[in-house]
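protein.cif follows; it contains mmCIF, C-alpha atoms and all ligand atoms.
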```cif
data_coords
loop_
_atom_site.label_atom_id
_atom_site.label_comp_id
_atom_site.auth_asym_id
_atom_site.auth_seq_id
_atom_site.Cartn_x
_atom_site.Cartn_y
_atom_site.Cartn_z
CA MET A 12 -30.84 24.03 22.42
CA GLU A 13 -29.09 27.11 21.10
CA ASN A 14 -30.70 29.19 18.37
CA LEU A 15 -29.49 28.32 14.89
CA HIS A 16 -28.02 31.05 12.72
CA PRO A 17 -30.65 32.14 10.15
CA ASP A 18 -28.40 30.87 7.31
CA LEU A 19 -28.70 27.32 8.64
CA ALA A 20 -31.47 24.82 7.92
CA ARG A 21 -30.55 22.22 10.53
CA ILE A 22 -27.71 20.60 12.42
CA LEU A 23 -26.65 17.61 10.36
CA VAL A 24 -23.90 16.20 12.59
CA PRO A 25 -23.80 17.28 16.26
CA GLU A 26 -20.53 18.12 17.98
CA GLU A 27 -20.55 14.95 20.10
CA THR A 28 -20.93 12.76 17.00
CA ILE A 29 -18.06 14.52 15.23
CA GLN A 30 -15.81 14.18 18.26
CA ALA A 31 -16.65 10.48 18.60
CA HIS A 32 -15.69 9.90 14.96
CA VAL A 33 -12.47 11.87 15.36
CA GLN A 34 -11.49 9.70 18.32
CA VAL A 35 -12.21 6.50 16.39
CA LEU A 36 -10.11 7.71 13.46
CA ALA A 37 -7.24 8.71 15.72
CA HIS A 38 -7.39 5.36 17.46
CA GLN A 39 -7.30 3.45 14.17
CA ILE A 40 -4.41 5.54 12.84
CA SER A 41 -2.52 5.11 16.11
CA LEU A 42 -2.91 1.34 15.85
CA ASP A 43 -1.88 1.24 12.19
CA TYR A 44 1.22 3.37 12.71
CA ALA A 45 2.44 1.94 16.00
CA ASP A 46 6.19 1.28 15.72
CA LYS A 47 6.38 2.84 12.26
CA GLY A 48 8.09 6.08 13.22
CA PRO A 49 6.52 9.52 13.03
CA ILE A 50 3.55 10.20 10.76
CA TYR A 51 3.74 13.26 8.54
CA LEU A 52 0.22 14.73 8.67
CA ILE A 53 -0.65 17.14 5.88
CA GLY A 54 -3.70 19.31 6.52
CA VAL A 55 -5.33 20.86 3.47
CA LEU A 56 -6.08 24.49 4.20
CA ARG A 57 -8.19 26.08 5.01
CA GLY A 58 -10.97 23.63 5.77
CA ALA A 59 -8.97 20.89 7.51
CA PHE A 60 -7.37 22.98 10.23
CA ILE A 61 -9.95 22.23 12.91
CA PHE A 62 -10.26 18.52 12.14
CA LEU A 63 -6.49 18.14 11.99
CA ALA A 64 -6.04 19.93 15.31
CA ASP A 65 -8.51 17.59 17.02
CA LEU A 66 -7.27 14.46 15.25
CA ALA A 67 -3.61 15.12 16.04
CA ARG A 68 -4.34 15.66 19.72
CA HIS A 69 -5.93 12.22 19.97
CA LEU A 70 -3.06 10.39 18.29
CA THR A 71 -0.91 8.28 20.56
CA VAL A 72 1.91 7.87 18.03
CA PRO A 73 4.58 10.46 17.13
CA HIS A 74 3.51 12.83 14.37
CA VAL A 75 4.50 16.01 12.59
CA VAL A 76 1.88 18.50 11.39
CA ASP A 77 2.25 20.43 8.17
CA PHE A 78 -0.13 22.17 5.78
CA MET A 79 -0.74 22.70 2.10
CA SER A 80 -3.09 25.00 0.29
CA VAL A 81 -4.26 24.74 -3.31
CA SER A 82 -6.33 27.00 -5.47
CA SER A 83 -8.88 26.06 -8.09
CA TYR A 84 -10.94 27.78 -10.74
CA GLY A 85 -14.03 26.50 -8.99
CA LYS A 86 -15.71 23.18 -8.47
CA SER A 87 -17.67 23.30 -11.73
CA THR A 88 -14.63 23.25 -14.01
CA GLU A 89 -13.22 20.12 -15.55
CA SER A 90 -9.67 20.63 -14.34
CA GLY A 91 -10.53 21.58 -10.77
CA VAL A 92 -7.33 22.26 -8.87
CA VAL A 93 -4.74 24.28 -10.68
CA ARG A 94 -1.86 25.24 -8.46
CA ILE A 95 -0.21 25.01 -5.06
CA VAL A 96 -0.61 28.19 -3.04
CA LEU A 97 1.25 26.95 0.03
CA ASP A 98 3.69 24.06 -0.03
CA LEU A 99 5.16 21.84 2.69
CA ARG A 100 8.05 22.95 4.85
CA GLU A 101 9.96 19.70 4.49
CA SER A 102 10.64 16.94 2.03
CA ILE A 103 8.35 13.93 2.50
CA GLU A 104 10.78 11.50 0.91
CA ARG A 105 10.79 8.17 2.82
CA LYS A 106 8.22 9.50 5.31
CA ASN A 107 4.85 7.99 6.25
CA VAL A 108 2.40 10.59 5.02
CA ILE A 109 -1.31 11.04 5.63
CA ILE A 110 -3.25 13.71 3.76
CA VAL A 111 -5.95 15.09 6.06
CA GLU A 112 -9.04 16.63 4.47
CA ASP A 113 -12.20 17.98 6.04
CA ILE A 114 -14.39 16.93 3.12
CA VAL A 115 -14.18 15.01 -0.12
CA ASP A 116 -16.81 16.31 -2.50
CA SER A 117 -15.87 15.94 -6.19
CA GLY A 118 -12.57 14.42 -5.05
CA LYS A 119 -10.54 16.72 -7.30
CA THR A 120 -8.56 18.29 -4.49
CA LEU A 121 -7.61 14.96 -2.93
CA SER A 122 -6.84 13.39 -6.29
CA TYR A 123 -4.57 16.27 -7.30
CA LEU A 124 -2.72 16.25 -3.99
CA TYR A 125 -2.37 12.47 -3.89
CA THR A 126 -0.86 12.26 -7.36
CA MET A 127 1.46 15.17 -6.73
CA LEU A 128 2.65 13.91 -3.32
CA GLU A 129 3.08 10.37 -4.61
CA GLY A 130 5.67 11.78 -6.98
CA ARG A 131 7.73 13.00 -4.02
CA ASN A 132 8.55 9.41 -3.00
CA PRO A 133 7.08 9.09 0.48
CA ALA A 134 7.55 5.73 2.24
CA SER A 135 3.77 5.48 2.35
CA LEU A 136 0.86 7.72 1.44
CA ARG A 137 -2.63 7.48 2.89
CA THR A 138 -5.66 9.69 3.02
CA CYS A 139 -8.02 10.66 5.81
CA THR A 140 -11.19 12.68 5.51
CA LEU A 141 -13.80 13.42 8.11
CA VAL A 142 -16.64 13.73 5.63
CA GLN A 143 -17.43 12.38 2.19
CA LYS A 144 -20.31 13.29 -0.07
CA PRO A 145 -21.85 10.61 -2.27
CA LYS A 146 -20.88 10.95 -5.93
CA GLU A 147 -21.75 8.94 -8.99
CA VAL A 148 -18.23 9.20 -10.35
CA GLN A 149 -15.80 6.71 -8.83
CA LEU A 150 -12.93 8.33 -6.91
CA ASP A 151 -9.50 7.63 -8.37
CA VAL A 152 -7.89 7.89 -4.93
CA PRO A 153 -8.36 5.55 -1.97
CA ILE A 154 -9.84 7.00 1.19
CA ASP A 155 -8.06 5.05 3.88
CA TYR A 156 -9.68 6.72 6.87
CA LEU A 157 -13.23 8.05 6.61
CA GLY A 158 -15.25 9.58 9.43
CA PHE A 159 -18.71 9.47 7.86
CA LYS A 160 -20.74 10.16 4.74
CA ILE A 161 -23.22 12.98 4.49
CA PRO A 162 -26.01 13.81 2.04
CA ASP A 163 -25.16 15.91 -1.00
CA VAL A 164 -26.21 19.24 0.52
CA TRP A 165 -24.20 22.40 1.22
CA VAL A 166 -22.66 21.99 4.66
CA VAL A 167 -20.83 24.39 6.96
CA GLY A 168 -19.12 24.19 10.32
CA TYR A 169 -16.18 22.28 11.78
CA GLY A 170 -13.86 23.85 9.17
CA LEU A 171 -16.35 23.97 6.33
CA ASP A 172 -17.43 27.38 5.13
CA TYR A 173 -19.79 29.29 2.95
CA ALA A 174 -18.06 32.45 1.68
CA ASP A 175 -15.70 32.15 4.66
CA ARG A 176 -18.56 32.10 7.14
CA HIS A 177 -19.58 29.48 9.71
CA ARG A 178 -16.20 27.69 9.69
CA THR A 179 -15.79 27.63 13.45
CA LEU A 180 -19.15 26.17 14.41
CA PRO A 181 -18.53 23.06 16.54
CA TYR A 182 -21.11 21.06 14.56
CA ILE A 183 -21.79 20.46 10.85
CA ALA A 184 -24.96 22.12 9.62
CA GLU A 185 -26.89 22.24 6.39
CA LEU A 186 -27.00 25.66 4.76
CA LYS A 187 -30.39 26.94 3.64
CA ALA A 188 -30.67 26.77 -0.14
CA SER A 189 -31.89 30.37 -0.15
CA VAL A 190 -28.45 31.49 1.07
CA TYR A 191 -26.53 30.19 -1.96
CA THR A 192 -29.12 30.31 -4.72
C1 LIG B 201 -12.93 22.43 0.24
C2 LIG B 201 -12.50 21.37 1.24
C3 LIG B 201 -11.67 20.43 0.40
C4 LIG B 201 -12.26 20.57 -0.99
C5 LIG B 201 -13.06 19.36 -1.33
O1 LIG B 201 -11.92 23.36 0.10
O2 LIG B 201 -11.79 21.93 2.30
O3 LIG B 201 -10.30 20.79 0.39
O4 LIG B 201 -13.12 21.71 -0.98
O5 LIG B 201 -13.73 19.52 -2.56
P1 LIG B 201 -13.47 18.58 -3.81
O6 LIG B 201 -13.49 17.18 -3.32
O7 LIG B 201 -14.64 18.90 -4.71
O8 LIG B 201 -12.17 18.96 -4.44
P2 LIG B 201 -12.14 24.77 -0.61
O9 LIG B 201 -11.58 24.72 -2.00
O10 LIG B 201 -13.58 25.18 -0.50
O11 LIG B 201 -11.22 25.73 0.20
P3 LIG B 201 -11.21 25.99 1.79
O12 LIG B 201 -10.80 24.69 2.44
O13 LIG B 201 -10.19 27.04 1.95
O14 LIG B 201 -12.59 26.42 2.20
#
```
Would you write the structure of this file as structure tokens?
Ligand code: PRP
Amino acid sequence: MENLHPDLARILVPEETIQAHVQVLAHQISLDYADKGPIYLIGVLRGAFIFLADLARHLTVPHVVDFMSVSSYGKSTESGVVRIVLDLRESIERKNVIIVEDIVDSGKTLSYLYTMLEGRNPASLRTCTLVQKPKEVQLDVPIDYLGFKIPDVWVVGYGLDYADRHRTLPYIAELKASVYT
């Protein structure tokens, strides 16, 4: 086994497990959208770019890939997300849209995007996240496609970062508490 980076406590989800989940999600989405015309996949930057790239390549139905980016004042604030930094290239009116996230933590990002995109009159709007953290507060947005849940620890890898580091690890790892405290 390769040596772990000193920032990392342990591998939480190995690469093979992630890839198996991605294939299951792609299979389910492909079944659900068979004969429905192209899916408009919206990856939420930056974190979702790796998951979206893998997911899209396993889909067997036509799809278009686009991206959005939002900024926030930080996860501890009440309002959470505040503005769109990068918007879509096309209108999503009358399109079948899936928002693709790497992780749902507080749910503020997904909730903000869902509400905002709903207002653009898509034919349908669903959500897909690879990872969800357990929260006491009930999400106000449905998660239609979920890879797996993880414990409420700081995770990096497979798109997830700490201070822009460790994003491109092929697995998801737990960050040592000493790194962020
Ligand atoms: C992360 C992640 C999700 C969001 C989830 O993005 O990629 O978009 O946080 O958190 P929430 O459920 O509490 O809103 P981040 O804002 O860290 O930006 P990044 O993707 O560019 O790393």
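Neighbouring residues of segment 157-162 of chain A at 10 Å or closer, counting all atoms listed in the file and skipping chain neighbours under 4 positions away, are Leu23, Val24, Thr28, Ile29, Gln30, Ala31, His32, Val33, Gln34, Val35, Leu36, Glu112, Asp113, Ile114, Val115, Thr138, Cys139, Thr140, Leu141, Val142, Gln143, Lys144, Pro145, Lys146, Val166, Ile183 and Glu185 of chain A.
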Would you output that residue set with C-alpha atoms, as a PDB file, in the frame of the given file?
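For reference, again02.pdb as written:
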```
ATOM      1  CA  LEU A  23     -26.650  17.610  10.360  1.00  0.00           C
ATOM      2  CA  VAL A  24     -23.900  16.200  12.590  1.00  0.00           C
ATOM      3  CA  THR A  28     -20.930  12.760  17.000  1.00  0.00           C
ATOM      4  CA  ILE A  29     -18.060  14.520  15.230  1.00  0.00           C
ATOM      5  CA  GLN A  30     -15.810  14.180  18.260  1.00  0.00           C
ATOM      6  CA  ALA A  31     -16.650  10.480  18.600  1.00  0.00           C
ATOM      7  CA  HIS A  32     -15.690   9.900  14.960  1.00  0.00           C
ATOM      8  CA  VAL A  33     -12.470  11.870  15.360  1.00  0.00           C
ATOM      9  CA  GLN A  34     -11.490   9.700  18.320  1.00  0.00           C
ATOM     10  CA  VAL A  35     -12.210   6.500  16.390  1.00  0.00           C
ATOM     11  CA  LEU A  36     -10.110   7.710  13.460  1.00  0.00           C
ATOM     12  CA  GLU A 112      -9.040  16.630   4.470  1.00  0.00           C
ATOM     13  CA  ASP A 113     -12.200  17.980   6.040  1.00  0.00           C
ATOM     14  CA  ILE A 114     -14.390  16.930   3.120  1.00  0.00           C
ATOM     15  CA  VAL A 115     -14.180  15.010  -0.120  1.00  0.00           C
ATOM     16  CA  THR A 138      -5.660   9.690   3.020  1.00  0.00           C
ATOM     17  CA  CYS A 139      -8.020  10.660   5.810  1.00  0.00           C
ATOM     18  CA  THR A 140     -11.190  12.680   5.510  1.00  0.00           C
ATOM     19  CA  LEU A 141     -13.800  13.420   8.110  1.00  0.00           C
ATOM     20  CA  VAL A 142     -16.640  13.730   5.630  1.00  0.00           C
ATOM     21  CA  GLN A 143     -17.430  12.380   2.190  1.00  0.00           C
ATOM     22  CA  LYS A 144     -20.310  13.290  -0.070  1.00  0.00           C
ATOM     23  CA  PRO A 145     -21.850  10.610  -2.270  1.00  0.00           C
ATOM     24  CA  LYS A 146     -20.880  10.950  -5.930  1.00  0.00           C
ATOM     25  CA  VAL A 166     -22.660  21.990   4.660  1.00  0.00           C
ATOM     26  CA  ILE A 183     -21.790  20.460  10.850  1.00  0.00           C
ATOM     27  CA  GLU A 185     -26.890  22.240   6.390  1.00  0.00           C
TER      28      GLU A 185
END
```
Quote the spacing between atom CA of Thr179 of chain A and atom CA of Val55 of chain A in Å to one decimal place.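 Interatomic distance here is 16.0 Å.
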Please determine, counting all atoms listed in the file, which residue among A:Ala45, A:Leu66, A:Val167, A:Ala184 has the shortest atom-to-atom distance to ligand LIG 201 (chain B). A:Val167
Hey, could you make a per-residue contact list for chain A against ligand LIG 201 (chain B) with 7 Å as the cut-off, showing the nearest pair of atoms and its distance in Å to one decimal, counting only C-alpha atoms and all ligand atoms, sorted by chain and number, as a Markdown table?
```
| residue | atom | partner | partner_atom | distance |
| --- | --- | --- | --- | --- |
| A:Val55 | CA | B:LIG201 | O3 | 5.8 |
| A:Leu56 | CA | B:LIG201 | O12 | 5.0 |
| A:Arg57 | CA | B:LIG201 | O13 | 3.8 |
| A:Gly58 | CA | B:LIG201 | O12 | 3.5 |
| A:Ala59 | CA | B:LIG201 | O2 | 6.0 |
| A:Ser82 | CA | B:LIG201 | O9 | 6.7 |
| A:Ser83 | CA | B:LIG201 | O9 | 6.8 |
| A:Lys86 | CA | B:LIG201 | O7 | 5.8 |
| A:Glu112 | CA | B:LIG201 | O3 | 6.0 |
| A:Asp113 | CA | B:LIG201 | O2 | 5.5 |
| A:Ile114 | CA | B:LIG201 | C2 | 5.2 |
| A:Val115 | CA | B:LIG201 | O6 | 3.9 |
| A:Asp116 | CA | B:LIG201 | O6 | 3.5 |
| A:Ser117 | CA | B:LIG201 | O7 | 3.5 |
| A:Gly118 | CA | B:LIG201 | O6 | 3.4 |
| A:Lys119 | CA | B:LIG201 | O8 | 4.0 |
| A:Thr120 | CA | B:LIG201 | O8 | 3.7 |
| A:Leu121 | CA | B:LIG201 | O8 | 6.3 |
| A:Leu171 | CA | B:LIG201 | O14 | 6.1 |
| A:Asp172 | CA | B:LIG201 | O14 | 5.7 |
| A:Asp175 | CA | B:LIG201 | O14 | 7.0 |
```
Measure the distance from atom CA of Asp65 of chain A to atom CA of Leu99 of chain A in Å and round it to one decimal.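 Those two atoms sit 20.3 Å apart.
Interatomic distance, atom CA of Gly170 of chain A to atom CA of Ile110 of chain A: 15.6 Å.
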When you count all atoms listed in the file, which of these residues is closest to Ile50 of chain A: A:His16, A:Lys106, A:Arg176, A:Arg100? A:Lys106
A:Tyr156, A:Tyr191, A:Tyr182, A:Phe78: which is nearest Arg137 of chain A, counting all atoms listed in the file?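 Distance minimum relative to Arg137 of chain A lands on A:Tyr156.
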Identify which of the residues A:Gln149, A:Thr126, A:Asn107, A:Asn132 lies closest to Pro73 of chain A, counting all atoms listed in the file when measuring atom-to-atom distances. A:Asn107
Extract, using only C-alpha atoms, all DNA, RNA and protein residues at most 10 Å from segment 42-44 of chain A, discarding same-chain residues fewer than 3 positions from it, and format them as JSON, numbers by chain. {"A": [36, 37, 38, 39, 47, 48, 49, 50, 70, 71, 72, 73, 74, 107]}
Residue completion, segment 127-154 of chain A, N, CA and C atoms, as a compact mmCIF listing (two decimals), in the coordinates of the input:
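part02.txt, written as the output of this step:
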```
# COMPACT_ATOMS: atom_id res chain seq x y z
N MET A 127 0.28 14.30 -6.84
CA MET A 127 1.46 15.17 -6.73
C MET A 127 2.39 14.70 -5.60
N LEU A 128 1.81 14.33 -4.46
CA LEU A 128 2.65 13.91 -3.32
C LEU A 128 3.26 12.53 -3.54
N GLU A 129 2.55 11.69 -4.27
CA GLU A 129 3.08 10.37 -4.61
C GLU A 129 4.40 10.51 -5.37
N GLY A 130 4.47 11.53 -6.18
CA GLY A 130 5.67 11.78 -6.98
C GLY A 130 6.86 12.25 -6.15
N ARG A 131 6.64 12.55 -4.88
CA ARG A 131 7.73 13.00 -4.02
C ARG A 131 8.34 11.85 -3.22
N ASN A 132 7.97 10.63 -3.56
CA ASN A 132 8.55 9.41 -3.00
C ASN A 132 8.44 9.25 -1.47
N PRO A 133 7.23 9.40 -0.94
CA PRO A 133 7.08 9.09 0.48
C PRO A 133 7.21 7.58 0.71
N ALA A 134 7.51 7.17 1.93
CA ALA A 134 7.55 5.73 2.24
C ALA A 134 6.16 5.14 2.09
N SER A 135 5.16 5.90 2.52
CA SER A 135 3.77 5.48 2.35
C SER A 135 2.91 6.72 2.25
N LEU A 136 1.76 6.58 1.61
CA LEU A 136 0.86 7.72 1.44
C LEU A 136 -0.57 7.25 1.64
N ARG A 137 -1.23 7.82 2.64
CA ARG A 137 -2.63 7.48 2.89
C ARG A 137 -3.46 8.75 2.98
N THR A 138 -4.76 8.54 2.98
CA THR A 138 -5.66 9.69 3.02
C THR A 138 -6.67 9.53 4.15
N CYS A 139 -7.05 10.66 4.71
CA CYS A 139 -8.02 10.66 5.81
C CYS A 139 -8.95 11.84 5.60
N THR A 140 -10.24 11.57 5.58
CA THR A 140 -11.19 12.68 5.51
C THR A 140 -12.29 12.47 6.54
N LEU A 141 -12.72 13.55 7.13
CA LEU A 141 -13.80 13.42 8.11
C LEU A 141 -15.12 13.11 7.41
N VAL A 142 -15.34 13.78 6.28
CA VAL A 142 -16.64 13.73 5.63
C VAL A 142 -16.48 13.42 4.15
N GLN A 143 -17.40 12.61 3.63
CA GLN A 143 -17.43 12.38 2.19
C GLN A 143 -18.86 12.53 1.70
N LYS A 144 -18.99 13.19 0.56
CA LYS A 144 -20.31 13.29 -0.07
C LYS A 144 -20.45 12.20 -1.11
N PRO A 145 -21.66 11.66 -1.26
CA PRO A 145 -21.85 10.61 -2.27
C PRO A 145 -21.75 11.19 -3.67
N LYS A 146 -21.02 10.52 -4.53
CA LYS A 146 -20.88 10.95 -5.93
C LYS A 146 -21.05 9.76 -6.85
N GLU A 147 -21.58 10.03 -8.02
CA GLU A 147 -21.75 8.94 -8.99
C GLU A 147 -20.41 8.51 -9.58
N VAL A 148 -19.53 9.50 -9.76
CA VAL A 148 -18.23 9.20 -10.35
C VAL A 148 -17.33 8.53 -9.32
N GLN A 149 -16.71 7.44 -9.73
CA GLN A 149 -15.80 6.71 -8.83
C GLN A 149 -14.55 7.54 -8.54
N LEU A 150 -14.16 7.62 -7.27
CA LEU A 150 -12.93 8.33 -6.91
C LEU A 150 -11.72 7.56 -7.43
N ASP A 151 -10.71 8.30 -7.91
CA ASP A 151 -9.50 7.63 -8.37
C ASP A 151 -8.42 7.58 -7.29
N VAL A 152 -8.82 7.91 -6.06
CA VAL A 152 -7.89 7.89 -4.93
C VAL A 152 -8.53 7.09 -3.79
N PRO A 153 -7.76 6.26 -3.10
CA PRO A 153 -8.36 5.55 -1.97
C PRO A 153 -8.57 6.49 -0.78
N ILE A 154 -9.68 6.31 -0.10
CA ILE A 154 -9.84 7.00 1.19
C ILE A 154 -9.59 5.96 2.26
```
